[in-house]
$ cat my_file30.cif   # mmCIF, C-alpha atoms
data_entry
loop_
_atom_site.label_atom_id
_atom_site.label_comp_id
_atom_site.auth_asym_id
_atom_site.auth_seq_id
_atom_site.Cartn_x
_atom_site.Cartn_y
_atom_site.Cartn_z
CA MET T 1 -66.67 8.45 8.71
CA HIS T 2 -63.72 6.16 8.01
CA ARG T 3 -60.11 6.63 8.54
CA SER T 4 -57.06 7.42 6.37
CA THR T 5 -87.14 -1.91 -28.36
CA THR T 6 -86.85 -1.61 -31.81
CA ASP T 7 -83.78 -2.93 -33.63
CA ARG T 8 -81.81 -0.16 -31.98
CA GLY T 9 -83.13 -1.22 -28.59
CA ARG T 10 -82.48 -4.90 -29.14
CA ALA T 11 -78.98 -4.18 -30.46
CA ALA T 12 -78.19 -2.05 -27.42
CA LEU T 13 -79.51 -4.73 -25.09
CA CYS T 14 -77.44 -7.36 -26.85
CA GLY T 15 -74.37 -5.14 -26.52
CA LEU T 16 -74.91 -4.72 -22.81
CA LEU T 17 -75.45 -8.43 -22.30
CA CYS T 18 -72.31 -9.23 -24.27
CA SER T 19 -70.36 -6.77 -22.15
CA ALA T 20 -71.59 -8.49 -19.02
CA ILE T 21 -70.56 -11.90 -20.32
CA ILE T 22 -67.16 -10.69 -21.53
CA LEU T 23 -66.32 -8.97 -18.26
CA ALA T 24 -67.51 -11.78 -16.01
CA ALA T 25 -64.76 -14.11 -14.79
CA SER T 26 -65.81 -17.67 -14.06
CA GLY T 27 -67.08 -18.32 -10.54
CA LEU T 28 -65.66 -20.87 -8.17
CA ALA T 29 -68.91 -22.81 -7.99
CA PRO T 30 -72.55 -22.73 -9.13
CA ASP T 31 -74.75 -20.37 -7.14
CA ASN T 32 -77.85 -22.57 -6.91
CA GLN T 33 -76.47 -24.73 -4.13
CA PRO T 34 -77.42 -25.23 -0.45
CA ALA T 35 -76.73 -22.46 2.05
CA PRO T 36 -73.19 -22.40 3.46
CA THR T 37 -72.14 -23.80 6.80
CA ALA T 38 -68.96 -23.26 8.85
CA ALA T 39 -68.14 -26.96 9.14
CA GLY T 40 -64.87 -27.31 11.07
CA LEU T 41 -64.06 -23.59 11.03
CA PRO T 42 -63.18 -22.08 14.45
CA ASP T 43 -66.13 -20.13 15.89
CA ASP T 44 -64.24 -16.84 16.24
CA ILE T 45 -63.30 -16.85 12.55
CA ALA T 46 -66.75 -17.94 11.37
CA GLN T 47 -68.44 -15.20 13.38
CA ALA T 48 -66.01 -12.54 12.12
CA LEU T 49 -66.52 -13.62 8.50
CA ARG T 50 -70.31 -13.46 8.83
CA HIS T 51 -70.04 -10.04 10.45
CA ASN T 52 -67.78 -8.71 7.70
CA ALA T 53 -70.12 -9.89 4.93
CA ALA T 54 -73.11 -8.28 6.63
CA ALA T 55 -71.13 -5.05 7.16
CA LEU T 56 -70.70 -4.53 3.39
CA SER T 57 -74.01 -2.63 3.40
CA PRO T 58 -74.23 0.29 3.00
CA LEU T 59 -71.18 0.95 0.86
CA SER T 60 -70.30 3.33 -1.94
CA ILE T 61 -67.07 2.47 -3.73
CA SER T 62 -65.18 3.37 -6.90
CA TRP T 63 -62.29 1.33 -8.25
CA GLU T 64 -60.14 0.95 -11.35
CA THR T 65 -58.99 -2.38 -12.76
CA LYS T 66 -55.96 -2.75 -15.03
CA PHE T 67 -54.37 -5.84 -16.56
CA ARG T 68 -50.76 -6.14 -17.64
CA THR T 69 -48.49 -8.92 -18.84
CA ASP T 70 -44.79 -9.72 -19.08
CA LEU T 71 -45.46 -11.30 -22.47
CA PRO T 72 -46.07 -9.54 -25.78
CA VAL T 73 -49.76 -8.61 -25.71
CA ALA T 74 -50.57 -10.62 -28.82
CA GLU T 75 -48.96 -13.70 -27.26
CA ALA T 76 -50.87 -13.26 -24.00
CA VAL T 77 -54.12 -12.89 -25.96
CA ARG T 78 -53.39 -16.07 -27.90
CA ILE T 79 -52.51 -18.12 -24.81
CA GLY T 80 -55.38 -16.77 -22.73
CA GLN T 81 -57.86 -17.09 -25.60
CA PHE T 82 -59.29 -13.78 -24.43
CA PRO T 83 -62.50 -12.46 -26.01
CA GLU T 84 -62.33 -9.22 -27.98
CA LYS T 85 -58.60 -9.82 -28.35
CA SER T 86 -56.32 -7.14 -26.92
CA SER T 87 -59.24 -5.09 -25.53
CA PHE T 88 -58.93 -7.45 -22.56
CA PHE T 89 -56.16 -5.11 -21.42
CA ASP T 90 -58.32 -1.98 -21.61
CA PRO T 91 -58.56 -0.27 -18.18
CA ARG T 92 -62.00 -0.11 -16.62
CA THR T 93 -63.50 1.90 -13.78
CA VAL T 94 -66.48 0.98 -11.62
CA LYS T 95 -68.81 3.06 -9.46
CA PHE T 96 -70.76 0.76 -7.18
CA SER T 97 -73.25 1.72 -4.46
CA ARG T 98 -75.12 -0.92 -2.44
CA GLN T 99 -77.49 -0.87 0.49
CA ASP T 100 -80.04 -3.35 1.90
CA GLY T 101 -79.99 -5.54 -1.22
CA LYS T 102 -80.25 -2.55 -3.59
CA PHE T 103 -77.43 -1.40 -5.84
CA SER T 104 -76.27 1.06 -8.46
CA TYR T 105 -73.52 -0.12 -10.80
CA LEU T 106 -71.69 1.71 -13.59
CA ARG T 107 -68.67 0.34 -15.44
CA LYS T 108 -66.78 2.54 -17.90
CA MET T 109 -64.22 1.23 -20.35
CA GLY T 110 -61.03 2.91 -21.51
CA GLY T 111 -58.50 2.06 -24.21
CA SER T 112 -59.90 0.69 -27.46
CA ARG T 113 -63.41 0.59 -25.97
CA ARG T 114 -63.21 4.06 -24.48
CA GLY T 115 -66.67 5.44 -23.81
CA ALA T 116 -68.38 2.04 -23.54
CA ARG T 117 -70.64 1.84 -20.50
CA PHE T 118 -72.41 -0.96 -18.69
CA SER T 119 -74.96 0.28 -16.15
CA HIS T 120 -77.54 -1.34 -13.86
CA ARG T 121 -79.61 -0.24 -10.90
CA TYR T 122 -81.81 -2.35 -8.67
CA ASP T 123 -84.31 -0.82 -6.24
CA GLY T 124 -85.15 -4.08 -4.48
CA VAL T 125 -88.02 -4.83 -6.88
CA ASN T 126 -87.17 -3.62 -10.39
CA LEU T 127 -83.95 -3.81 -12.37
CA TYR T 128 -82.94 -0.89 -14.59
CA GLN T 129 -80.42 -1.36 -17.37
CA GLY T 130 -79.06 1.71 -19.14
CA THR T 131 -76.43 2.89 -21.56
CA GLY T 132 -74.85 5.20 -19.02
CA SER T 133 -75.63 7.29 -15.96
CA GLU T 134 -77.66 10.41 -15.30
CA GLU T 135 -74.51 12.10 -14.05
CA ASP T 136 -72.95 11.66 -17.48
CA GLY T 137 -76.10 12.76 -19.27
CA PHE T 138 -75.77 9.56 -21.28
CA SER T 139 -78.81 7.46 -20.36
CA THR T 140 -80.41 7.50 -23.80
CA LEU T 141 -81.77 3.95 -23.55
CA ILE T 142 -83.22 2.27 -20.44
CA PHE T 143 -84.61 -1.25 -20.08
CA VAL T 144 -86.81 -1.90 -17.04
CA PHE T 145 -87.30 -5.47 -15.81
CA GLY T 146 -90.16 -6.04 -13.38
CA PRO T 147 -89.98 -8.54 -10.49
CA GLU T 148 -91.21 -11.50 -12.54
CA GLN T 149 -88.50 -11.06 -15.16
CA VAL T 150 -85.87 -10.51 -12.48
CA LYS T 151 -86.75 -13.82 -10.81
CA LYS T 152 -86.56 -16.00 -13.88
CA SER T 153 -83.51 -14.60 -15.68
CA SER T 154 -79.89 -15.71 -15.16
CA MET T 155 -78.40 -12.64 -16.84
CA PHE T 156 -75.28 -11.10 -15.29
CA VAL T 157 -75.99 -7.61 -13.95
CA TYR T 158 -72.64 -6.81 -12.38
CA GLU T 159 -69.15 -8.22 -11.97
CA SER T 160 -67.68 -7.70 -8.50
CA GLU T 161 -63.97 -8.39 -8.88
CA TYR T 162 -63.01 -6.03 -6.05
CA PHE T 163 -65.16 -7.95 -3.55
CA ASP T 164 -64.02 -11.32 -4.84
CA ARG T 165 -60.38 -10.35 -4.34
CA ALA T 166 -61.23 -9.02 -0.85
CA GLY T 167 -62.62 -12.44 0.09
CA PHE T 168 -66.36 -12.02 -0.46
CA LYS T 169 -68.97 -13.69 -2.64
CA LEU T 170 -71.54 -11.32 -4.15
CA TYR T 171 -74.29 -12.73 -6.31
CA GLY T 172 -74.35 -10.81 -9.58
CA THR T 173 -77.10 -12.45 -11.64
CA MET T 174 -80.74 -11.41 -11.85
CA GLU T 175 -82.01 -14.64 -10.30
CA THR T 176 -79.73 -14.31 -7.24
CA LEU T 177 -80.10 -10.60 -6.45
CA GLN T 178 -81.95 -11.31 -3.20
CA LYS T 179 -79.20 -13.58 -1.88
CA PRO T 180 -77.16 -12.13 1.01
CA ASP T 181 -73.43 -11.53 0.65
CA GLU T 182 -71.12 -14.25 1.94
CA ALA T 183 -67.49 -14.64 2.93
CA MET T 184 -65.79 -16.73 0.25
CA ILE T 185 -64.59 -19.25 2.86
CA LEU T 186 -68.14 -19.89 4.05
CA TYR T 187 -69.37 -19.99 0.47
CA LEU T 188 -66.92 -22.78 -0.35
CA LEU T 189 -67.59 -24.70 2.86
CA GLY T 190 -71.30 -24.60 2.10
CA ARG T 191 -70.64 -26.22 -1.25
CA GLY T 192 -68.68 -29.17 -0.01
CA ALA T 193 -65.19 -27.81 0.63
CA LYS T 194 -63.29 -29.33 3.56
CA LEU T 195 -61.05 -27.59 6.08
CA THR T 196 -57.61 -29.22 5.79
CA SER T 197 -55.36 -26.94 7.87
CA ASP T 198 -55.36 -23.95 10.21
CA ASN T 199 -52.07 -22.41 11.28
CA LEU T 200 -50.35 -19.09 11.98
CA THR T 201 -48.30 -17.56 9.15
CA ARG T 202 -46.54 -14.22 8.72
CA VAL T 203 -47.69 -12.20 5.68
CA GLU T 204 -46.00 -8.86 4.92
CA GLY T 205 -45.26 -8.18 8.57
CA SER T 206 -48.60 -9.38 9.98
CA TYR T 207 -49.35 -12.70 11.65
CA CYS T 208 -52.30 -14.28 9.83
CA ARG T 209 -54.41 -17.38 10.26
CA ASN T 210 -53.76 -19.55 7.24
CA ILE T 211 -57.01 -21.39 6.52
CA GLU T 212 -56.71 -24.02 3.78
CA LEU T 213 -59.71 -25.66 2.14
CA THR T 214 -59.90 -28.50 -0.35
CA SER T 215 -62.78 -28.69 -2.80
CA GLU T 216 -63.65 -30.22 -6.15
CA TRP T 217 -62.19 -27.05 -7.73
CA GLY T 218 -58.78 -27.43 -6.06
CA ARG T 219 -57.09 -26.06 -2.96
CA HIS T 220 -57.72 -22.64 -1.44
CA GLN T 221 -55.40 -20.88 0.99
CA PHE T 222 -56.83 -17.86 2.87
CA TYR T 223 -54.55 -15.68 4.98
CA LEU T 224 -56.76 -13.80 7.47
CA ASP T 225 -55.47 -11.00 9.71
CA PRO T 226 -56.89 -11.22 13.29
CA ALA T 227 -55.88 -7.59 13.89
CA LEU T 228 -58.28 -6.53 11.09
CA ASN T 229 -61.18 -8.73 12.25
CA TYR T 230 -59.96 -11.47 9.92
CA ALA T 231 -59.84 -9.38 6.75
CA LEU T 232 -58.21 -11.21 3.83
CA ARG T 233 -54.56 -10.21 3.31
CA LYS T 234 -53.65 -12.93 0.84
CA TYR T 235 -55.30 -15.69 -1.15
CA VAL T 236 -53.70 -18.53 -3.10
CA ASP T 237 -55.79 -20.62 -5.48
CA LEU T 238 -54.23 -23.98 -6.39
CA THR T 239 -55.12 -26.98 -8.49
CA ALA T 240 -55.69 -30.28 -6.70
CA ASP T 241 -52.09 -31.29 -7.50
CA GLY T 242 -50.65 -28.02 -6.15
CA ARG T 243 -50.13 -25.86 -9.25
CA THR T 244 -50.75 -22.16 -8.69
CA LYS T 245 -53.76 -20.69 -10.46
CA ARG T 246 -53.91 -17.28 -8.78
CA VAL T 247 -52.19 -15.35 -6.00
CA THR T 248 -53.93 -12.24 -4.64
CA THR T 249 -52.45 -9.79 -2.12
CA ASN T 250 -54.50 -7.01 -0.48
CA ARG T 251 -52.96 -3.86 1.01
CA GLU T 252 -53.73 -0.39 2.42
CA PHE T 253 -56.71 -1.38 4.51
CA VAL T 254 -59.27 1.30 5.43
CA GLU T 255 -60.91 0.93 8.83
CA PHE T 256 -64.58 1.69 9.45
CA PRO T 257 -64.66 1.70 13.28
CA ALA T 258 -68.44 1.91 13.68
CA GLN T 259 -68.99 -1.26 11.63
CA LYS T 260 -65.72 -2.95 12.68
CA ILE T 261 -64.70 -3.82 9.15
CA TRP T 262 -61.47 -3.25 7.18
CA LEU T 263 -61.49 -3.02 3.37
CA PRO T 264 -58.43 -2.84 1.09
CA ARG T 265 -57.67 0.08 -1.18
CA GLU T 266 -55.28 -1.99 -3.26
CA SER T 267 -55.44 -5.55 -4.56
CA SER T 268 -52.88 -7.23 -6.83
CA SER T 269 -53.35 -10.63 -8.44
CA ALA T 270 -51.06 -12.84 -10.50
CA TRP T 271 -53.11 -15.11 -12.77
CA HIS T 272 -51.55 -18.32 -14.10
CA THR T 273 -54.77 -19.31 -15.88
CA TRP T 274 -58.10 -17.89 -17.01
CA SER T 275 -61.58 -19.31 -17.44
CA SER T 276 -61.19 -19.31 -21.23
CA MET T 277 -58.09 -21.58 -21.03
CA LYS T 278 -60.19 -24.68 -20.22
CA GLY T 279 -58.13 -25.87 -17.26
CA LYS T 280 -54.65 -25.12 -18.64
CA VAL T 281 -52.31 -23.60 -16.03
CA ARG T 282 -48.97 -21.88 -16.70
CA ASP T 283 -45.89 -22.17 -14.50
CA SER T 284 -45.41 -18.37 -14.66
CA PRO T 285 -48.13 -15.70 -14.51
CA LEU T 286 -49.99 -15.01 -17.72
CA VAL T 287 -51.43 -11.65 -16.59
CA TYR T 288 -51.33 -9.38 -13.56
CA GLU T 289 -54.45 -7.66 -12.32
CA ASP T 290 -54.20 -4.40 -10.34
CA ILE T 291 -57.26 -2.97 -8.57
CA ARG T 292 -57.18 0.40 -6.86
CA ALA T 293 -60.13 1.81 -4.90
CA ASP T 294 -60.09 5.61 -4.77
CA HIS T 295 -63.37 6.02 -2.90
CA LEU T 296 -64.79 4.04 0.03
CA ASP T 297 -67.77 5.38 2.00
CA LYS T 298 -70.28 3.68 4.27
CA SER T 299 -72.74 6.55 4.64
CA PRO T 300 -76.45 5.73 4.10
CA MET T 301 -77.86 6.66 0.67
CA PRO T 302 -81.32 7.87 -0.45
CA ASP T 303 -83.57 5.44 -2.36
CA LYS T 304 -83.27 7.51 -5.56
CA THR T 305 -79.67 6.29 -5.81
CA PHE T 306 -80.99 2.94 -7.00
CA VAL T 307 -83.54 4.11 -9.60
CA MET T 308 -82.82 5.43 -13.08
CA ASP T 309 -84.37 8.69 -14.26
CA MET T 310 -86.99 7.71 -16.86
CA LYS T 311 -88.26 11.24 -17.43
CA ARG T 312 -85.28 12.65 -19.28
CA PRO T 313 -86.57 13.99 -22.63
CA THR T 314 -85.62 11.90 -25.71
CA THR T 315 -84.78 8.86 -23.53
CA ILE T 316 -86.02 5.58 -25.02
CA VAL T 317 -87.60 3.32 -22.39
CA ALA T 318 -88.35 -0.38 -22.86
CA ASP T 319 -90.51 -1.52 -19.94
CA THR T 320 -91.58 -5.10 -19.18
CA ARG T 321 -94.08 -3.92 -16.54
CA LEU T 322 -96.52 -2.15 -18.86
CA PRO T 323 -99.85 -3.82 -19.73
CA GLY T 324 -99.49 -6.15 -22.68
CA ALA T 325 -95.69 -6.23 -22.58
CA GLU T 326 -95.65 -10.02 -22.18
CA LYS T 327 -97.33 -10.36 -25.57
CA GLN T 328 -94.72 -8.28 -27.37
CA LYS T 329 -91.61 -9.62 -29.02
CA GLY T 330 -88.83 -9.27 -26.47
CA GLY T 331 -91.35 -8.96 -23.64
CA PHE T 332 -91.33 -5.18 -23.34
CA ILE T 333 -93.15 -2.09 -24.59
CA GLU T 334 -91.07 0.77 -25.89
CA TYR T 335 -91.69 4.51 -25.88
CA GLN T 336 -89.68 7.71 -26.12
CA VAL T 337 -89.92 10.40 -23.46
CA PRO T 338 -91.33 13.57 -25.07
CA ALA T 339 -89.72 16.98 -24.71
CA ASP T 340 -92.91 18.19 -23.00
CA LEU T 341 -93.44 15.90 -19.98
CA GLU T 342 -97.10 16.94 -19.92
CA TYR T 343 -97.56 14.42 -22.73
CA LEU T 344 -95.65 11.55 -21.07
CA ASP T 345 -98.72 9.68 -19.78
CA GLY T 346 -100.32 9.93 -23.20
CA VAL T 347 -97.18 8.62 -24.88
CA ILE T 348 -97.07 5.61 -22.55
CA GLU T 349 -100.79 4.87 -22.99
CA ALA T 350 -100.46 5.00 -26.77
CA ALA T 351 -97.45 2.66 -26.65
CA THR T 352 -99.39 0.05 -24.65
CA LYS T 353 -102.07 0.12 -27.37
CA GLY T 354 -99.53 -0.20 -30.15
CA LYS T 355 -100.35 3.25 -31.45
CA LYS T 356 -98.32 6.34 -32.22
CA PHE T 357 -98.97 9.23 -29.88
CA VAL T 358 -100.46 12.34 -31.49
CA PRO T 359 -100.44 15.50 -29.35
CA PRO T 360 -103.96 16.96 -28.91
CA LEU T 361 -104.83 20.04 -30.91
CA PRO T 362 -104.72 23.25 -28.85
CA ASP T 363 -108.05 24.59 -27.56
CA ASN T 364 -108.89 27.57 -29.84
CA ARG T 365 -111.96 28.79 -27.96
CA ARG T 366 -110.03 31.25 -25.83
CA THR T 367 -108.19 32.52 -28.88
CA LYS T 368 -111.48 33.04 -30.70
CA VAL T 369 -112.94 34.98 -27.77
CA ILE T 370 -109.87 37.22 -27.62
CA ILE T 371 -110.04 37.85 -31.37
CA ALA T 372 -113.75 38.64 -31.14
CA LEU T 373 -113.16 41.11 -28.30
CA ASN T 374 -110.38 42.77 -30.26
CA VAL T 375 -112.69 43.09 -33.27
CA VAL T 376 -115.39 44.69 -31.09
CA ILE T 377 -112.91 47.09 -29.52
CA LEU T 378 -111.41 47.94 -32.91
CA SER T 379 -114.86 48.50 -34.41
CA ALA T 380 -115.88 50.74 -31.52
CA GLY T 381 -112.67 52.71 -31.98
CA VAL T 382 -113.31 53.14 -35.68
CA VAL T 383 -116.90 54.36 -35.06
CA PHE T 384 -115.67 56.78 -32.39
CA LEU T 385 -113.05 58.25 -34.70
CA TRP T 386 -115.54 58.44 -37.58
CA ASN T 387 -118.11 60.33 -35.50
CA ARG T 388 -115.44 62.67 -34.16
CA ALA T 389 -114.22 63.41 -37.65
CA LYS T 390 -117.80 64.32 -38.74
CA ARG T 391 -118.02 66.88 -35.95
#
$ encode --input "my_file30.cif" --output "structure tokens"
Amino acid sequence: MHRSTTDRGRAALCGLLCSAIILAASGLAPDNQPAPTAAGLPDDIAQALRHNAAALSPLSISWETKFRTDLPVAEAVRIGQFPEKSSFFDPRTVKFSRQDGKFSYLRKMGGSRRGARFSHRYDGVNLYQGTGSEEDGFSTLIFVFGPEQVKKSSMFVYESEYFDRAGFKLYGTMETLQKPDEAMILYLLGRGAKLTSDNLTRVEGSYCRNIELTSEWGRHQFYLDPALNYALRKYVDLTADGRTKRVTTNREFVEFPAQKIWLPRESSSAWHTWSSMKGKVRDSPLVYEDIRADHLDKSPMPDKTFVMDMKRPTTIVADTRLPGAEKQKGGFIEYQVPADLEYLDGVIEAATKGKKFVPPLPDNRRTKVIIALNVVILSAGVVFLWNRAKR
């Protein structure tokens, strides 16, 4: 406890992939780089950061993200060159459960895209992509990617803005799902960043270690609170010449004593640029991002949390693991779950052979026997009545 396959299928898949790309903010650095080191970082901080990253599992969390601007929305959209225009400002909620490398992720959109869903689950071997969640009764289309497809694809499967703002690096592409979580400081140091200063600074009433790094992407100032096992209270992202790109402040930390980790309920960021602006940086903030976590729980979860239900009648399943899938266009075999699950195996077998499933005819032998017996009984009754009438 803490304190305080068809055209429809391909179109749906394309929609989900587009959602992932639209929602994904640009990373600080490529992910296919050498493992991080703690070059120059004091041992106590490095150890605490490694501990905190490891302590993120298990975790069940829900958060809401909202963007706002001091500018007219149309002007902010023009300057930021945001995709999907003003829908950038639509609120979004995320339910995210993770444990031992497995995860369940559901993002719901509000505003102009109200009802849109982006859902993935990963059981450590297979990745499931759906149009919703079982809880919503909305999983009408599920794509299943086997281990081979997971390894060779670079598709985004989740965007982890809450964890990024809290000072962590989570790998959210199919090809990096097996990578362990990292503290953002160690992530940057492992990719060539240099420690340039380490001093004590007061942030909102708390004395924090101000760790500044310099990298090819600019300057990075991390304000870590020793009283919270070096949880990130504030982060300032700067260009190489000192212009502010982003300022993030974290508040309302929740303590998990057993794991010795503190996680923020609230995170506020002022963005002076965005990945779509191609390096342009404004003197004043373009948009403000507010994240609020309303649920944080580190209780262990059952394995079924990370697998989608593929036996819900009428659900369309596109599975890359079925025999012959690699020969099909798109690399998967599609079938629809029948209302009578007794026929499910037959439906899947027919799909692998490229045939339409035809339910077997019912066995009429029992019916014929019953009819014959009834005829015999009826005949005997007629004879009995006839003989009685003659007497």
$ resolve_selection --input "my_file30.cif" --expression "the PyMOL selection byres ((chain T and resi 52) around 9)" --output "PyMOL selection string"
chain T and resi 47-51+53-56+168+182-183+229-231+259-262
$ resolve_selection --input "my_file30.cif" --expression "the PyMOL selection byres ((chain T and resi 321) around 12)" --output "VMD selection string"
chain T and resid 125 to 128 143 to 150 317 to 320 322 to 328 331 to 334 348 352
$ residues_around --input "my_file30.cif" --residues "stretch 70-73 of chain T" --least-positions-apart "6" --cutoff "10 Å" --atoms "only C-alpha atoms" --output "ChimeraX atom specification"
/T:79,85-86,88-89,284-288
$ closest_residue --input "my_file30.cif" --among "T:Gly101, T:Pro42, T:Pro91, T:Gly110" --to "T:Arg209" --atoms "all atoms listed in the file"
T:Pro42
$ residues_around --input "my_file30.cif" --residues "stretch 294-301 of chain T" --least-positions-apart "6" --cutoff "8 Å" --atoms "all atoms listed in the file" --output "list of chain:residue names"
T:Met1, T:His2, T:Ser57, T:Pro58, T:Leu59, T:Ser60, T:Ile61, T:Ser62, T:Trp63, T:Gln99, T:Phe256, T:Arg265
$ write_last_selection --input "my_file30.cif" --atoms "C-alpha atoms" --output "short mmCIF file (atom, residue, chain, number, x, y, z; two decimals), in the coordinates of the input"
data_model
loop_
_atom_site.label_atom_id
_atom_site.label_comp_id
_atom_site.auth_asym_id
_atom_site.auth_seq_id
_atom_site.Cartn_x
_atom_site.Cartn_y
_atom_site.Cartn_z
CA MET T 1 -66.67 8.45 8.71
CA HIS T 2 -63.72 6.16 8.01
CA SER T 57 -74.01 -2.63 3.40
CA PRO T 58 -74.23 0.29 3.00
CA LEU T 59 -71.18 0.95 0.86
CA SER T 60 -70.30 3.33 -1.94
CA ILE T 61 -67.07 2.47 -3.73
CA SER T 62 -65.18 3.37 -6.90
CA TRP T 63 -62.29 1.33 -8.25
CA GLN T 99 -77.49 -0.87 0.49
CA PHE T 256 -64.58 1.69 9.45
CA ARG T 265 -57.67 0.08 -1.18
#
$ atom_distance --input "my_file30.cif" --atom1 "atom CA of T:Val203" --atom2 "atom CA of T:Gly218"
22.2 Å
$ closest_residue --input "my_file30.cif" --among "T:Gln81, T:Ser112, T:Ser206, T:Ser87" --to "T:Phe67" --atoms "all atoms listed in the file"
T:Ser87
$ atom_distance --input "my_file30.cif" --atom1 "atom CA of T:Thr214" --atom2 "atom CA of T:Leu228"
24.8 Å
$ resolve_selection --input "my_file30.cif" --expression "the PyMOL selection byres ((chain T and resi 120-123) around 10)" --output "PyMOL selection string"
chain T and resi 16+96-107+118-119+124-133+142-145+150+157-158+174+177+303-308
$ build_atoms --input "my_file30.cif" --residues "stretch 37-51 of chain T" --atoms "N, CA, C and O atoms" --output "JSON list (two decimals), keeping the file's coordinate frame"
[["chain", "number", "residue", "atom", "x", "y", "z"],
["T", 37, "THR", "N", -72.32, -23.53, 5.38],
["T", 37, "THR", "CA", -72.14, -23.80, 6.80],
["T", 37, "THR", "C", -70.68, -23.54, 7.13],
["T", 37, "THR", "O", -69.86, -23.36, 6.24],
["T", 38, "ALA", "N", -70.35, -23.52, 8.43],
["T", 38, "ALA", "CA", -68.96, -23.26, 8.85],
["T", 38, "ALA", "C", -68.33, -24.54, 9.36],
["T", 38, "ALA", "O", -67.61, -24.52, 10.36],
["T", 39, "ALA", "N", -68.60, -25.65, 8.68],
["T", 39, "ALA", "CA", -68.14, -26.96, 9.14],
["T", 39, "ALA", "C", -66.64, -26.96, 9.42],
["T", 39, "ALA", "O", -65.83, -26.77, 8.52],
["T", 40, "GLY", "N", -66.27, -27.18, 10.68],
["T", 40, "GLY", "CA", -64.87, -27.31, 11.07],
["T", 40, "GLY", "C", -64.14, -26.00, 11.27],
["T", 40, "GLY", "O", -63.02, -26.00, 11.79],
["T", 41, "LEU", "N", -64.73, -24.88, 10.90],
["T", 41, "LEU", "CA", -64.06, -23.59, 11.03],
["T", 41, "LEU", "C", -64.19, -23.08, 12.47],
["T", 41, "LEU", "O", -65.27, -23.15, 13.05],
["T", 42, "PRO", "N", -63.10, -22.60, 13.08],
["T", 42, "PRO", "CA", -63.18, -22.08, 14.45],
["T", 42, "PRO", "C", -64.27, -21.02, 14.58],
["T", 42, "PRO", "O", -64.47, -20.20, 13.67],
["T", 43, "ASP", "N", -64.98, -21.02, 15.71],
["T", 43, "ASP", "CA", -66.13, -20.13, 15.89],
["T", 43, "ASP", "C", -65.76, -18.66, 15.75],
["T", 43, "ASP", "O", -66.52, -17.87, 15.19],
["T", 44, "ASP", "N", -64.59, -18.26, 16.29],
["T", 44, "ASP", "CA", -64.24, -16.84, 16.24],
["T", 44, "ASP", "C", -64.07, -16.36, 14.80],
["T", 44, "ASP", "O", -64.48, -15.25, 14.44],
["T", 45, "ILE", "N", -63.49, -17.22, 13.96],
["T", 45, "ILE", "CA", -63.30, -16.85, 12.55],
["T", 45, "ILE", "C", -64.63, -16.84, 11.82],
["T", 45, "ILE", "O", -64.94, -15.91, 11.07],
["T", 46, "ALA", "N", -65.45, -17.86, 12.05],
["T", 46, "ALA", "CA", -66.75, -17.94, 11.37],
["T", 46, "ALA", "C", -67.62, -16.73, 11.71],
["T", 46, "ALA", "O", -68.25, -16.13, 10.82],
["T", 47, "GLN", "N", -67.64, -16.35, 12.97],
["T", 47, "GLN", "CA", -68.44, -15.20, 13.38],
["T", 47, "GLN", "C", -67.93, -13.90, 12.75],
["T", 47, "GLN", "O", -68.70, -13.06, 12.30],
["T", 48, "ALA", "N", -66.60, -13.74, 12.72],
["T", 48, "ALA", "CA", -66.01, -12.54, 12.12],
["T", 48, "ALA", "C", -66.32, -12.47, 10.63],
["T", 48, "ALA", "O", -66.64, -11.39, 10.10],
["T", 49, "LEU", "N", -66.25, -13.60, 9.94],
["T", 49, "LEU", "CA", -66.52, -13.62, 8.50],
["T", 49, "LEU", "C", -67.98, -13.28, 8.21],
["T", 49, "LEU", "O", -68.27, -12.55, 7.25],
["T", 50, "ARG", "N", -68.89, -13.81, 9.02],
["T", 50, "ARG", "CA", -70.31, -13.46, 8.83],
["T", 50, "ARG", "C", -70.53, -11.96, 9.09],
["T", 50, "ARG", "O", -71.28, -11.31, 8.36],
["T", 51, "HIS", "N", -69.90, -11.46, 10.13],
["T", 51, "HIS", "CA", -70.04, -10.04, 10.45],
["T", 51, "HIS", "C", -69.52, -9.18, 9.30],
["T", 51, "HIS", "O", -70.18, -8.21, 8.90]]
